[in-house]
Amino acid sequence: MTIHTATPTCPHPAPTGRPEDSRLRRTTLLSAAVVFALASAFASAQESRLPDIGSSAGELLTPHRQREYGSMMLAQLRHYDYTLEDPLIASWLDTLGSRLAANSDRPQLPFTFFMLRERQINAFATLGGYVGVNSGLVLAAEREDEVAAVLSHEIAHVTQQHVLRAVERAQRDQLPILLAMLGAVVAAQASGGTSADNAVQAAVVSGLGLMQQRQIDYTRSNESEADRIGIQTLARSHYDTAAMAGFFGTLNSRSRANRAGYYGETPGYLMSHPVTTTRISEAKALAEQIARAPAHFEADIASDNPLLPSGLKIGSSVAGGGTGQFDYARERLRVLSADSPSDAIREYDRLAKGKPLNDAQRYGLAVAKLRANQGAGAASMLAELLEKHPGDLWLSLALGEAEARSGKADAADARFEAILKSMPQNRPAALTYARTLAERNSPAAGKRAQAILRPLLGQSGEDPEFQQVFARASEIAGDPVRAGEAYAESAYLNGRAEQALVQLNTLRRRSDLDYYARARIDARIAAITPTVLELKRQGIRDEDLQRH
C-alpha cells in the first residue's frame, strides 16, 4: 500500500456525546499521541545524519529501528482501541499471513499481522513488516483467496522496500514522514464514520496537497510491482492467482456504485490503492500466464543459504493453500466488529430474510447470542452444529463458553480439558479456557488457569491479550507478584509505557520478592525506562497518571 503523507495537527474537539464526535476525539487523540511518540524515531534518524540524495533506502533506518517503529505504532493502535484482539481471529490471520510471507521473495523477513475492528474496507503495510487488515475487508471478501490476494500485495510492499523508499523520498522533501504515515493511517480508519468537512479530513487534505502529483506517480509504479510480486506469492502459496484482479474489480465496481449513490462510502482501500481497468487487466493477464506455466513461478525463490551459490533458485515452495477457517473467521469478525451483540443479532436477522443462514452464519449468530448473555440459546445452536461438524475447534470452544455461561461448568470443563489434551499449547484453546475459568473468580479456578497458560509464557512476551488473561488468573490464584508483572506487561504492550513503569517500580518495593522475581522486574524496568524518558522528553505523559 502506498501511504500518503499528512501531518495530523488538528486540535482536540469538544465531545458532544454523539458517536461520530467520540470517534473523532479518539482519532485526534491517537494522532497527537503518535506524533509525539514517533518523534524520537524521526529525530534519531536525523541525528544519525540521514542519507544524501541517491543513497539506498536501507541506509535510512536499520531493520531494528523499523521493527521499533512498527511495534510503537501497533501499541498506539491498541491503546486507542483500534485493534480487534481475539485468539481465534489472530490465529487464522497469522496462519494465512505467515504462509504467504514464507512464500514471498524474502521469506527471512519478520512479519506481524493484526486485525483492526474498523468495518471500512482497507489494509496497510508499514515499516518493520507490520501489516494491518480491517475487519471490513474480510467481510467484503467472498473467499479466503481474496483476502490472501490483498495480504500478498501488502507483503510485496514490504519485501520490495516500497515503504522504506517512501520514507527516504519524503526525507528528501523535508517532510516528517515517520509521523505523517501513521497520521494518514489513523485518518483513513476514521474516515468511514466522520463527515467530509471535519477537522481530521481538513488536516489530511491540506497535507496531501503538498505532494499530490509526486505521490500519484510514485503510487502507480509501486502498486504495479506489488501486484506482480503478490500474484507470484499467491501462486507459490497455492491460492487462486485470479483472486487479486477479481477482488479489485469487485471493489472498483462498488466504488462506481458508491459515486452513483447506491451504497455508502468509497472503499478506503481504493483511496490508497488506486485501481484502473489497465491495472486489473494486467493482473488478469499475469494470473493467466501463471496458470499456463505454474512451475516457473513456484520455483523462483532465491535461496539465502550461505553454502549454496548466490542467487540460486530453489524449486519447492513452502506449503500453502486455504486454512479452512475463512467462513468461520468472517462470521466471527461480523460479530466482534459490530457496535454491540444486539446489533450483530439484528444483522443476522436481516441476512436470514434473503435466504436461510448457512452453517458459518449460524455459528456467527450463536457467538452473537453468547456475547449477549444468551448462553442457553447459543449452546443449543452450537451443539447442533457440532453434531454436523464433529471435532471442529471453533465450534467446540464456543460451545464450551456457552455451557459455562449457562451454568454447566462441569460440562464446559470436560469439553475444554478434552480439547487441550488433543491440542496441547494451542493458544486459542488455552486463552478461551483460562478466560472462562477466570470468570469464576475462585483461587482454584485461577490456579488451573495459570497452569494452562504457563507453558505459553515463553512465546507470549509480545501478546497483550495473553498477558491480561494471565494477570487476572494470577490475581485470583493469590499470586500478586506474577499478576503485577503481567499487568505491567499488558500496559506496556497497549501503549502505556509510563503506567507499566510505575506498576513495576511499585511491585519492586514488595518485601516478599524472591531473587528470580526481582531479577525479572529489574530487567523490565531497565528495558522500559528509556522509552518512558524519551516520551517525557517529547512532552508525552500518561493521561490517566496525570489525572491522579
# chains A, B, ... in the order shown; residues from 1 in each chain; ligands from 1
>>> residues_around(residues="Ala379 of chain A", least_positions_apart="5", cutoff="12 Å", atoms="only C-alpha atoms", output="mmCIF file with N, CA, C and O atoms, in the first residue's frame")
data_model
loop_
_atom_site.group_PDB
_atom_site.id
_atom_site.type_symbol
_atom_site.label_atom_id
_atom_site.label_comp_id
_atom_site.auth_asym_id
_atom_site.auth_seq_id
_atom_site.Cartn_x
_atom_site.Cartn_y
_atom_site.Cartn_z
ATOM 1 N N ARG A 362 -24.712 -19.349 11.029
ATOM 2 C CA ARG A 362 -25.366 -19.806 12.272
ATOM 3 C C ARG A 362 -24.365 -19.806 13.418
ATOM 4 O O ARG A 362 -24.716 -19.492 14.561
ATOM 5 N N TYR A 363 -23.118 -20.158 13.121
ATOM 6 C CA TYR A 363 -22.063 -20.056 14.136
ATOM 7 C C TYR A 363 -21.922 -18.606 14.590
ATOM 8 O O TYR A 363 -21.840 -18.316 15.791
ATOM 9 N N LEU A 365 -24.169 -16.230 14.495
ATOM 10 C CA LEU A 365 -25.341 -15.862 15.291
ATOM 11 C C LEU A 365 -25.229 -16.421 16.705
ATOM 12 O O LEU A 365 -25.575 -15.744 17.686
ATOM 13 N N ALA A 366 -24.720 -17.642 16.833
ATOM 14 C CA ALA A 366 -24.542 -18.240 18.165
ATOM 15 C C ALA A 366 -23.527 -17.451 18.981
ATOM 16 O O ALA A 366 -23.713 -17.223 20.184
ATOM 17 N N VAL A 367 -22.444 -17.014 18.352
ATOM 18 C CA VAL A 367 -21.443 -16.204 19.050
ATOM 19 C C VAL A 367 -22.057 -14.875 19.490
ATOM 20 O O VAL A 367 -21.802 -14.389 20.596
ATOM 21 N N ALA A 368 -22.880 -14.282 18.620
ATOM 22 C CA ALA A 368 -23.553 -13.031 18.984
ATOM 23 C C ALA A 368 -24.465 -13.231 20.192
ATOM 24 O O ALA A 368 -24.507 -12.407 21.110
ATOM 25 N N LYS A 369 -25.202 -14.345 20.210
ATOM 26 C CA LYS A 369 -26.067 -14.630 21.358
ATOM 27 C C LYS A 369 -25.254 -14.883 22.619
ATOM 28 O O LYS A 369 -25.640 -14.465 23.710
ATOM 29 N N LEU A 370 -24.125 -15.555 22.447
ATOM 30 C CA LEU A 370 -23.247 -15.801 23.595
ATOM 31 C C LEU A 370 -22.772 -14.486 24.196
ATOM 32 O O LEU A 370 -22.777 -14.301 25.416
ATOM 33 N N ARG A 371 -22.393 -13.540 23.341
ATOM 34 C CA ARG A 371 -21.929 -12.241 23.816
ATOM 35 C C ARG A 371 -23.075 -11.396 24.365
ATOM 36 O O ARG A 371 -22.845 -10.441 25.112
ATOM 37 N N ASN A 373 -25.212 -12.603 26.348
ATOM 38 C CA ASN A 373 -25.594 -13.326 27.579
ATOM 39 C C ASN A 373 -26.801 -14.237 27.377
ATOM 40 O O ASN A 373 -27.603 -14.433 28.289
ATOM 41 N N GLN A 374 -26.920 -14.792 26.187
ATOM 42 C CA GLN A 374 -27.955 -15.793 25.907
ATOM 43 C C GLN A 374 -27.273 -17.160 25.777
ATOM 44 O O GLN A 374 -27.304 -17.801 24.722
ATOM 45 N N GLU A 384 -25.927 -28.384 17.974
ATOM 46 C CA GLU A 384 -26.460 -28.901 16.715
ATOM 47 C C GLU A 384 -25.411 -28.814 15.601
ATOM 48 O O GLU A 384 -25.240 -29.744 14.813
ATOM 49 N N LEU A 385 -24.679 -27.693 15.553
ATOM 50 C CA LEU A 385 -23.634 -27.524 14.540
ATOM 51 C C LEU A 385 -22.484 -28.498 14.756
ATOM 52 O O LEU A 385 -21.915 -29.038 13.799
ATOM 53 N N LEU A 386 -22.144 -28.741 16.026
ATOM 54 C CA LEU A 386 -21.022 -29.622 16.323
ATOM 55 C C LEU A 386 -21.348 -31.074 15.964
ATOM 56 O O LEU A 386 -20.446 -31.848 15.610
ATOM 57 N N LEU A 395 -16.184 -24.351 16.799
ATOM 58 C CA LEU A 395 -17.477 -24.708 17.384
ATOM 59 C C LEU A 395 -17.315 -25.234 18.806
ATOM 60 O O LEU A 395 -18.097 -24.894 19.703
ATOM 61 N N SER A 396 -16.281 -26.061 19.027
ATOM 62 C CA SER A 396 -16.076 -26.662 20.351
ATOM 63 C C SER A 396 -15.770 -25.608 21.405
ATOM 64 O O SER A 396 -16.293 -25.657 22.529
ATOM 65 N N LEU A 397 -14.908 -24.642 21.063
ATOM 66 C CA LEU A 397 -14.569 -23.592 22.032
ATOM 67 C C LEU A 397 -15.789 -22.724 22.336
ATOM 68 O O LEU A 397 -16.031 -22.371 23.501
ATOM 69 N N ALA A 398 -16.555 -22.384 21.320
ATOM 70 C CA ALA A 398 -17.753 -21.575 21.552
ATOM 71 C C ALA A 398 -18.766 -22.333 22.405
ATOM 72 O O ALA A 398 -19.406 -21.751 23.294
ATOM 73 N N LEU A 399 -18.918 -23.634 22.161
ATOM 74 C CA LEU A 399 -19.862 -24.419 22.953
ATOM 75 C C LEU A 399 -19.394 -24.516 24.395
ATOM 76 O O LEU A 399 -20.209 -24.440 25.324
ATOM 77 N N GLY A 400 -18.093 -24.675 24.621
ATOM 78 C CA GLY A 400 -17.577 -24.691 25.987
ATOM 79 C C GLY A 400 -17.893 -23.394 26.721
ATOM 80 O O GLY A 400 -18.307 -23.402 27.888
ATOM 81 N N GLU A 401 -17.709 -22.261 26.038
ATOM 82 C CA GLU A 401 -18.055 -20.970 26.653
ATOM 83 C C GLU A 401 -19.553 -20.892 26.939
ATOM 84 O O GLU A 401 -19.964 -20.409 28.011
ATOM 85 N N ALA A 402 -20.360 -21.345 25.988
ATOM 86 C CA ALA A 402 -21.812 -21.275 26.161
ATOM 87 C C ALA A 402 -22.266 -22.142 27.331
ATOM 88 O O ALA A 402 -23.151 -21.754 28.105
ATOM 89 N N GLU A 403 -21.674 -23.328 27.462
ATOM 90 C CA GLU A 403 -22.035 -24.205 28.584
ATOM 91 C C GLU A 403 -21.668 -23.554 29.911
ATOM 92 O O GLU A 403 -22.445 -23.603 30.881
ATOM 93 N N ALA A 404 -20.481 -22.929 29.958
ATOM 94 C CA ALA A 404 -20.077 -22.267 31.198
ATOM 95 C C ALA A 404 -21.016 -21.118 31.536
ATOM 96 O O ALA A 404 -21.371 -20.917 32.707
ATOM 97 N N ARG A 405 -21.442 -20.352 30.519
ATOM 98 C CA ARG A 405 -22.327 -19.203 30.763
ATOM 99 C C ARG A 405 -23.744 -19.627 31.114
ATOM 100 O O ARG A 405 -24.501 -18.836 31.692
ATOM 101 N N SER A 406 -24.113 -20.845 30.759
ATOM 102 C CA SER A 406 -25.479 -21.295 31.050
ATOM 103 C C SER A 406 -25.532 -22.201 32.284
ATOM 104 O O SER A 406 -26.495 -22.935 32.482
ATOM 105 N N GLY A 407 -24.492 -22.157 33.103
ATOM 106 C CA GLY A 407 -24.496 -22.878 34.370
ATOM 107 C C GLY A 407 -24.052 -24.314 34.305
ATOM 108 O O GLY A 407 -24.245 -25.070 35.274
ATOM 109 N N LYS A 408 -23.435 -24.738 33.220
ATOM 110 C CA LYS A 408 -22.979 -26.125 33.084
ATOM 111 C C LYS A 408 -21.446 -26.169 33.139
ATOM 112 O O LYS A 408 -20.767 -26.511 32.168
ATOM 113 N N ALA A 411 -19.639 -29.609 32.455
ATOM 114 C CA ALA A 411 -19.628 -29.977 31.038
ATOM 115 C C ALA A 411 -18.625 -29.121 30.270
ATOM 116 O O ALA A 411 -17.907 -29.612 29.395
ATOM 117 N N ALA A 412 -18.565 -27.830 30.636
ATOM 118 C CA ALA A 412 -17.620 -26.927 29.972
ATOM 119 C C ALA A 412 -16.185 -27.349 30.250
ATOM 120 O O ALA A 412 -15.346 -27.415 29.336
#
>>> residues_around(residues="segment 325-335 of chain A", least_positions_apart="3", cutoff="9 Å", atoms="only C-alpha atoms", output="tab-separated table (two decimals) with C-alpha atoms, in the first residue's frame")
chain	number	residue	atom	x	y	z
A	84	LEU	CA	-9.51	-6.33	17.38
A	88	LEU	CA	-9.14	-17.38	17.04
A	89	ILE	CA	-9.08	-14.46	14.60
A	92	TRP	CA	-6.35	-17.51	11.46
A	93	LEU	CA	-4.80	-14.26	10.23
A	117	ARG	CA	-12.12	-3.59	14.18
A	119	ARG	CA	-15.56	-2.03	9.02
A	135	SER	CA	-12.50	-6.28	9.53
A	136	GLY	CA	-14.44	-4.70	6.68
A	138	VAL	CA	-12.65	-9.68	5.32
A	139	LEU	CA	-16.42	-9.10	5.43
A	141	ALA	CA	-14.44	-10.96	0.62
A	142	GLU	CA	-16.35	-13.99	-0.62
A	143	ARG	CA	-13.47	-16.43	-0.16
A	144	GLU	CA	-10.08	-16.66	1.51
A	322	GLY	CA	-6.53	-22.41	2.30
A	338	ALA	CA	-20.40	-4.85	15.35
A	339	ASP	CA	-21.21	-1.95	17.66
A	340	SER	CA	-22.96	-4.35	20.06
A	341	PRO	CA	-24.05	-8.00	20.25
A	343	ASP	CA	-26.62	-5.11	16.52
A	344	ALA	CA	-24.91	-8.29	15.32
A	345	ILE	CA	-28.06	-10.34	16.03
A	347	GLU	CA	-27.63	-8.09	11.20
A	359	ASP	CA	-23.60	-23.11	8.97
A	360	ALA	CA	-20.90	-20.45	9.30
A	361	GLN	CA	-23.53	-17.74	9.68
A	362	ARG	CA	-25.37	-19.81	12.27
A	363	TYR	CA	-22.06	-20.06	14.14
A	364	GLY	CA	-21.78	-16.27	13.98
A	365	LEU	CA	-25.34	-15.86	15.29
A	367	VAL	CA	-21.44	-16.20	19.05
A	368	ALA	CA	-23.55	-13.03	18.98
A	371	ARG	CA	-21.93	-12.24	23.82
A	394	TRP	CA	-14.14	-23.05	16.62
>>> atom_distance(atom1="atom CA of Thr278 of chain A", atom2="atom CA of Glu225 of chain A")
13.7 Å
>>> closest_residue(among="A:Ala429, A:Ala473, A:Leu74, A:Val502", to="Asp86 of chain A", atoms="only C-alpha atoms")
A:Ala429
>>> closest_residue(among="A:Ala449, A:Ile280, A:Ala125, A:Ala523", to="Phe416 of chain A", atoms="only C-alpha atoms")
A:Ala449
>>> residues_around(residues="Ala148 of chain A", least_positions_apart="3", cutoff="9 Å", atoms="only C-alpha atoms", output="PDB file with N, CA and C atoms, in the first residue's frame")
ATOM      1  N   LEU A  96      -2.579 -17.514   7.855  1.00  0.00           N
ATOM      2  CA  LEU A  96      -2.694 -17.083   6.464  1.00  0.00           C
ATOM      3  C   LEU A  96      -1.515 -16.205   6.065  1.00  0.00           C
ATOM      4  N   GLY A  97      -1.244 -15.180   6.870  1.00  0.00           N
ATOM      5  CA  GLY A  97      -0.163 -14.255   6.543  1.00  0.00           C
ATOM      6  C   GLY A  97       1.198 -14.902   6.549  1.00  0.00           C
ATOM      7  N   LEU A 100       1.870 -16.936   3.398  1.00  0.00           N
ATOM      8  CA  LEU A 100       2.182 -16.066   2.272  1.00  0.00           C
ATOM      9  C   LEU A 100       3.577 -15.471   2.401  1.00  0.00           C
ATOM     10  N   GLU A 144     -11.380 -16.965   0.902  1.00  0.00           N
ATOM     11  CA  GLU A 144     -10.084 -16.660   1.506  1.00  0.00           C
ATOM     12  C   GLU A 144      -9.057 -16.221   0.474  1.00  0.00           C
ATOM     13  N   ASP A 145      -9.174 -16.715  -0.759  1.00  0.00           N
ATOM     14  CA  ASP A 145      -8.224 -16.336  -1.805  1.00  0.00           C
ATOM     15  C   ASP A 145      -8.185 -14.819  -1.981  1.00  0.00           C
ATOM     16  N   LEU A 151      -3.329  -9.522   1.169  1.00  0.00           N
ATOM     17  CA  LEU A 151      -2.167  -9.703   2.040  1.00  0.00           C
ATOM     18  C   LEU A 151      -0.888  -9.884   1.240  1.00  0.00           C
ATOM     19  N   SER A 152      -0.949 -10.641   0.161  1.00  0.00           N
ATOM     20  CA  SER A 152       0.259 -10.852  -0.639  1.00  0.00           C
ATOM     21  C   SER A 152       0.715  -9.542  -1.273  1.00  0.00           C
ATOM     22  N   HIS A 153      -0.244  -8.694  -1.635  1.00  0.00           N
ATOM     23  CA  HIS A 153       0.069  -7.368  -2.162  1.00  0.00           C
ATOM     24  C   HIS A 153       0.782  -6.527  -1.104  1.00  0.00           C
ATOM     25  N   LEU A 234       0.990 -15.605  -4.393  1.00  0.00           N
ATOM     26  CA  LEU A 234      -0.250 -16.388  -4.376  1.00  0.00           C
ATOM     27  C   LEU A 234      -0.035 -17.741  -5.040  1.00  0.00           C
ATOM     28  N   TYR A 239      -2.821 -20.448  -3.825  1.00  0.00           N
ATOM     29  CA  TYR A 239      -4.091 -19.734  -3.848  1.00  0.00           C
ATOM     30  C   TYR A 239      -4.430 -19.375  -5.288  1.00  0.00           C
ATOM     31  N   ALA A 243      -7.614 -14.229  -8.031  1.00  0.00           N
ATOM     32  CA  ALA A 243      -8.376 -13.598  -6.954  1.00  0.00           C
ATOM     33  C   ALA A 243      -8.049 -12.118  -6.810  1.00  0.00           C
ATOM     34  N   MET A 244      -6.798 -11.730  -7.115  1.00  0.00           N
ATOM     35  CA  MET A 244      -6.427 -10.326  -6.944  1.00  0.00           C
ATOM     36  C   MET A 244      -7.199  -9.443  -7.913  1.00  0.00           C
TER      37      MET A 244
END
>>> residues_around(residues="Leu545 of chain A", least_positions_apart="4", cutoff="10 Å", atoms="only C-alpha atoms", output="list in words")
Glu498, Gln499, Val502 and Arg541 of chain A
